[in-house]
Amino acid sequence: MPHWLAVTVENSVESLNRVFHLLRRRHLPVDAISMCRTEDPQELRLLIPVDPARVDPQRVRANLEKLLCVKAVEDWGERPLVVRDMALVKVRASAEAWVEIAQLAEFYRARIVDVGPETLIVEVTGSAEKVDSCIARLQRFGVVEVTRSGPMAMVRGQAEAAPADRVAEAAA
Amino acid sequence: METATMAQTQVSPRILRRERRRMKTAWAVMEALVREGVEVIFGVPGGASLPLYDALCDYPQIRHVLVRHEQCAVHMAEGYARATGKPGVCLTTSGPGATNLVTGLTDAMMDSTPVVAITGQVPTFFMGGDAFQEADVIGITMSVTKHNWLVRKPAQAPEAVHMAFRLATDGRPGPTLVDLPRDVLLTEADFAFEDPEAFRPSTPRRPFPDERALRQAADLIAQSQRPILYVGGGAIHSGAAPEIRALAEKARIPVTTTLMGLGAFPEDHPYALKMLGMHGTVYANFAINFSDLIIAVGARFDDRVTGKLSAFAPHAKVIHIDIDPAEINKNRRADVALIGDAKEILRALLPLVRPPDTEAWWRQIEDWKARYPLRYRQGDDVIKPQFAIQMIYELTKDDRPIVTLDVGQHQMWAAQFFTWTEPRTCITSGGLGTMGFSLPAAVGAQFGRPDRLVININGDGSFQMTFQALITAVEWRLPIKVFIINNQYLGMVRQWQELFYNRRYSAVYLANPDFARMAEAVGAAGIRVERPEQVEPAIRQALAITDRPVVVDILVDPEENCFPMIPSGMTVFDMMIAPGVKAVP
């Protein structure tokens, strides 16, 4: 179970550059970062799963909080989350295979969102394991390409949104 | 105490607050610098920064010190900042001007020195197109500044400058950079000037350590039998020297300082163990490694202090006082972390402290001190570098000099053989180990503290890296005393080759020029010293020259080694006091 940090940053290429630059230069062992938009077009949320066995999540947090472009770092720890991953899977499919693929998609509550002359695109949403499993099952038809969002997550049942973690100190 | 009076001598920037005026951005930048109380800027002009230099003509209250290489500008800004506690300012053009700052900015980042760099940039409509003298300065300096700003609109310029100053000194100090494209600098706009304090970058909400954490720390101190205070550069930035002394005296705790912490605790105090680490005293290294409680104040458990981290002070609990939360548990796990300004935390902690029984501990430490004093043997023929350094100390100590040290053997000997008693008097490159730092840093320190004697102890190798700073010092008639501890080698590298690479000397011999004549050639005084009996008269002669810089080239024993030494990555049990001789606890 990873330890989640939810990092709210300014929505700009520069701020993403600063965050990734920091993670790289501090050699902080984090990967599988996913990037989500939020209700505010001015900001982005980065979801960073941290393995506490490899690095103290508080150290990652403390480093991120030094960046001015980071508006808030929420430590979700191991709180109950809704986690969803989404993939678009392009499968090589002759007309004969359509029914079989459609049945498989049904099983994963996936949808066929594009039908081409030689391919289908399957859209699947769910836990990372479910998406993995769906892609694995589709392999035997011939997967042409996959794009995935990476996990999006939200804390279950919490009434207030992400707290404003930073304060501008009043002029002395 | 000193720094407080320095801050007060500043003209208050507040008298200029809140007004709205129309001007070109370059002038607005100067207005912002004036409001920040900037009195001196170190820099070199160039194409992209021409508008700033044009504006500078209208601001005679800001002195511009022309350097001969941008690296000197940033080291001067560092020296100024370290001597005064105020941010040092350097100004360069785009491209090569800006990239030449990188070493100094990295140095300032490692040693938490407040520096504000202002760089010209190619016009916005050229940016990204590989224009002449274009460099991605924001990208290049991202790792080596706390934050940097590219100003795209005139209105952002004063704001960026003020933010750069606030951030350079807020929290853990460090360098910041403002990149100003030439077309923006030339654009006229209405500028509203606010109180500089209004531009404070937002910081994470972080409460002062609660009573519970402070009590835990006090309990650990009370229960300890072998406590030690381990004091770093953060204590100097914080101005925590009086509180450290109060804590040491109240709880009878020995104090060791890092290279960056020299001066945070008076070494003439009976509780002082002097510097620890790779070339620290034997007794400081034994004390910290056999301690059962380390109280770290503004120190970061650097590898030059700990040696092999997993074997460092294995029985010690740790109270870690630091303003930077990212330092907690970075290298050494803290049992109690107190995050905040060292001075404030120690003030809150002091009333809670109950003295532990340290009688037996002190007997042990006194034994180590008696058995392993720092020593060297001066003969009749060759000058021992330690002797030269000790003479410099003895003959200048009454003047309470500010001393800049370069990097290498002479740095370690000076750390060992000076008796450091006052904060902000030892200025050296600690974290980055930047050869060439000390001469320009001495220039910056002298600008910051014109009232004080400034001494630069340099190596023959490092002197040649930024020699051109001497030309600037001559131009401004700065009475800096430069002492070159000249062993005609890159001495520390030679020492490692001798001890760890079977004396296979590779690229360490320096075919040096005559430094005294070099000094004379640029208008400084030059003195060459070759024999032990000449050392004292030469130093006295140098001290008597007060109208220009003086370079004293002291030829010392070429193969003297710096001991004690804990070889890199080893432990206190591998501490050598002579080749092949280990110290025994």
# chains A, B, ... in the order shown; residues from 1 in each chain; ligands from 1
call {"tool": "select_by_dssp", "arguments": {"residues": "chain A", "states": "strand (DSSP E)", "output": "number ranges by chain"}}
result
A: 3-10, 34-37, 43-50, 70-77, 81-92, 111-115, 119-126, 143-148, 152-155, 166-167
call {"tool": "interface_residues", "arguments": {"of": "chain B", "to": "chain A", "cutoff": "12 Å", "atoms": "only C-alpha atoms", "output": "MDAnalysis selection string"}}
result
chainID B and resid 14 138:150 163:164 166:167 170:174 194:207 323:331 333 339
call {"tool": "residues_around", "arguments": {"residues": "Leu180 (chain B)", "least_positions_apart": "5", "cutoff": "9 Å", "atoms": "only C-alpha atoms", "output": "VMD selection string"}}
result
chain B and resid 26 48 to 49 94 118 to 123 149 to 152 157 185
call {"tool": "write_last_selection", "arguments": {"atoms": "N, CA and C atoms", "output": "PDB file, in the first residue's frame"}}
result
ATOM      1  N   ALA B  26      13.992  49.219 -15.947  1.00  0.00           N
ATOM      2  CA  ALA B  26      15.347  49.166 -15.379  1.00  0.00           C
ATOM      3  C   ALA B  26      15.456  50.118 -14.183  1.00  0.00           C
ATOM      4  N   ALA B  48      22.806  42.576 -22.636  1.00  0.00           N
ATOM      5  CA  ALA B  48      21.439  42.444 -22.140  1.00  0.00           C
ATOM      6  C   ALA B  48      21.207  43.259 -20.874  1.00  0.00           C
ATOM      7  N   SER B  49      22.272  43.547 -20.125  1.00  0.00           N
ATOM      8  CA  SER B  49      22.063  44.270 -18.873  1.00  0.00           C
ATOM      9  C   SER B  49      22.358  45.764 -19.030  1.00  0.00           C
ATOM     10  N   SER B  94      23.403  38.508 -19.704  1.00  0.00           N
ATOM     11  CA  SER B  94      22.827  37.208 -20.064  1.00  0.00           C
ATOM     12  C   SER B  94      23.920  36.216 -20.434  1.00  0.00           C
ATOM     13  N   ILE B 118      21.091  39.206 -10.052  1.00  0.00           N
ATOM     14  CA  ILE B 118      20.254  39.837 -11.063  1.00  0.00           C
ATOM     15  C   ILE B 118      20.970  39.668 -12.392  1.00  0.00           C
ATOM     16  N   THR B 119      20.261  39.074 -13.344  1.00  0.00           N
ATOM     17  CA  THR B 119      20.893  38.794 -14.632  1.00  0.00           C
ATOM     18  C   THR B 119      20.080  39.438 -15.753  1.00  0.00           C
ATOM     19  N   GLY B 120      20.791  39.981 -16.720  1.00  0.00           N
ATOM     20  CA  GLY B 120      20.126  40.425 -17.931  1.00  0.00           C
ATOM     21  C   GLY B 120      19.761  39.209 -18.768  1.00  0.00           C
ATOM     22  N   GLN B 121      18.780  39.362 -19.618  1.00  0.00           N
ATOM     23  CA  GLN B 121      18.381  38.260 -20.503  1.00  0.00           C
ATOM     24  C   GLN B 121      18.109  38.862 -21.880  1.00  0.00           C
ATOM     25  N   VAL B 122      18.212  38.033 -22.911  1.00  0.00           N
ATOM     26  CA  VAL B 122      17.912  38.534 -24.253  1.00  0.00           C
ATOM     27  C   VAL B 122      16.442  38.958 -24.299  1.00  0.00           C
ATOM     28  N   PRO B 123      16.075  39.806 -25.259  1.00  0.00           N
ATOM     29  CA  PRO B 123      14.685  40.269 -25.316  1.00  0.00           C
ATOM     30  C   PRO B 123      13.699  39.105 -25.413  1.00  0.00           C
ATOM     31  N   TRP B 149      13.212  33.882 -10.806  1.00  0.00           N
ATOM     32  CA  TRP B 149      12.083  34.512 -11.484  1.00  0.00           C
ATOM     33  C   TRP B 149      12.509  35.012 -12.855  1.00  0.00           C
ATOM     34  N   LEU B 150      11.723  34.709 -13.860  1.00  0.00           N
ATOM     35  CA  LEU B 150      11.889  35.332 -15.164  1.00  0.00           C
ATOM     36  C   LEU B 150      10.812  36.408 -15.265  1.00  0.00           C
ATOM     37  N   VAL B 151      11.233  37.633 -15.437  1.00  0.00           N
ATOM     38  CA  VAL B 151      10.284  38.751 -15.462  1.00  0.00           C
ATOM     39  C   VAL B 151       9.840  38.973 -16.904  1.00  0.00           C
ATOM     40  N   ARG B 152       8.557  38.753 -17.173  1.00  0.00           N
ATOM     41  CA  ARG B 152       8.058  38.916 -18.546  1.00  0.00           C
ATOM     42  C   ARG B 152       7.335  40.237 -18.737  1.00  0.00           C
ATOM     43  N   ALA B 157       8.625  43.285 -12.233  1.00  0.00           N
ATOM     44  CA  ALA B 157      10.049  43.440 -11.915  1.00  0.00           C
ATOM     45  C   ALA B 157      10.316  43.827 -10.452  1.00  0.00           C
ATOM     46  N   LEU B 185      13.210  45.568 -19.670  1.00  0.00           N
ATOM     47  CA  LEU B 185      13.938  46.612 -18.936  1.00  0.00           C
ATOM     48  C   LEU B 185      13.754  47.985 -19.570  1.00  0.00           C
TER      49      LEU B 185
END
call {"tool": "atom_distance", "arguments": {"atom1": "CA of Asp322 (chain B)", "atom2": "CA of Ala160 (chain B)"}}
result
27.3 Å
call {"tool": "residues_around", "arguments": {"residues": "Ile295 (chain B)", "least_positions_apart": "6", "cutoff": "9 Å", "atoms": "only C-alpha atoms", "output": "list in words"}}
result
Ala217, Ile221, Pro227, Ile228, Leu229, Tyr230, Val231, Lys317, Val318, Ile319, His320 and Ile321 of chain B
call {"tool": "closest_residue", "arguments": {"among": "A:Val155, A:Glu145, A:Ala87, A:Asp114", "to": "Gly126 (chain A)", "atoms": "only C-alpha atoms"}}
result
A:Ala87
call {"tool": "atom_distance", "arguments": {"atom1": "CA of Glu106 (chain A)", "atom2": "CA of Val89 (chain A)"}}
result
14.4 Å
call {"tool": "atom_distance", "arguments": {"atom1": "CA of Ser15 (chain A)", "atom2": "CA of Arg182 (chain B)"}}
result
24.0 Å
call {"tool": "select_by_dssp", "arguments": {"residues": "region 79-279 of chain B", "states": "alpha helix (DSSP H)", "output": "PyMOL selection string"}}
result
chain B and resi 79-84+96-99+102-110+137-141+156-169+182-186+211-223+233-238+241-251
call {"tool": "residues_around", "arguments": {"residues": "Gly97 (chain B)", "least_positions_apart": "6", "cutoff": "9 Å", "atoms": "only C-alpha atoms", "output": "list in words"}}
result
Val44, Pro45, Gly46, His69, Glu70, Gln71, Leu91, Thr119, Gly120 and Gln133 of chain B
call {"tool": "residues_around", "arguments": {"residues": "Arg212 (chain B)", "least_positions_apart": "4", "cutoff": "12 Å", "atoms": "only C-alpha atoms", "output": "NGL selection string"}}
result
:B and (208 or 216-219 or 336-338 or 348-349 or 352)
call {"tool": "write_last_selection", "arguments": {"atoms": "C-alpha atoms", "output": "PDB file, in the first residue's frame"}}
result
ATOM      1  CA  PHE B 208       6.524  26.551  16.600  1.00  0.00           C
ATOM      2  CA  GLN B 216      11.007  15.745  25.464  1.00  0.00           C
ATOM      3  CA  ALA B 217      14.223  17.479  24.467  1.00  0.00           C
ATOM      4  CA  ALA B 218      14.759  18.787  27.991  1.00  0.00           C
ATOM      5  CA  ASP B 219      14.140  15.292  29.385  1.00  0.00           C
ATOM      6  CA  VAL B 336      13.337  14.812  18.824  1.00  0.00           C
ATOM      7  CA  ALA B 337      13.052  17.271  15.957  1.00  0.00           C
ATOM      8  CA  LEU B 338      12.633  20.928  16.815  1.00  0.00           C
ATOM      9  CA  ALA B 348      12.178  28.379  24.666  1.00  0.00           C
ATOM     10  CA  LEU B 349      14.173  25.309  25.622  1.00  0.00           C
ATOM     11  CA  LEU B 352      13.108  23.727  30.755  1.00  0.00           C
TER      12      LEU B 352
END
call {"tool": "residues_around", "arguments": {"residues": "Ser34 (chain A)", "least_positions_apart": "2", "cutoff": "6 Å", "atoms": "only C-alpha atoms", "output": "MDAnalysis selection string"}}
result
chainID A and resid 46:47 150
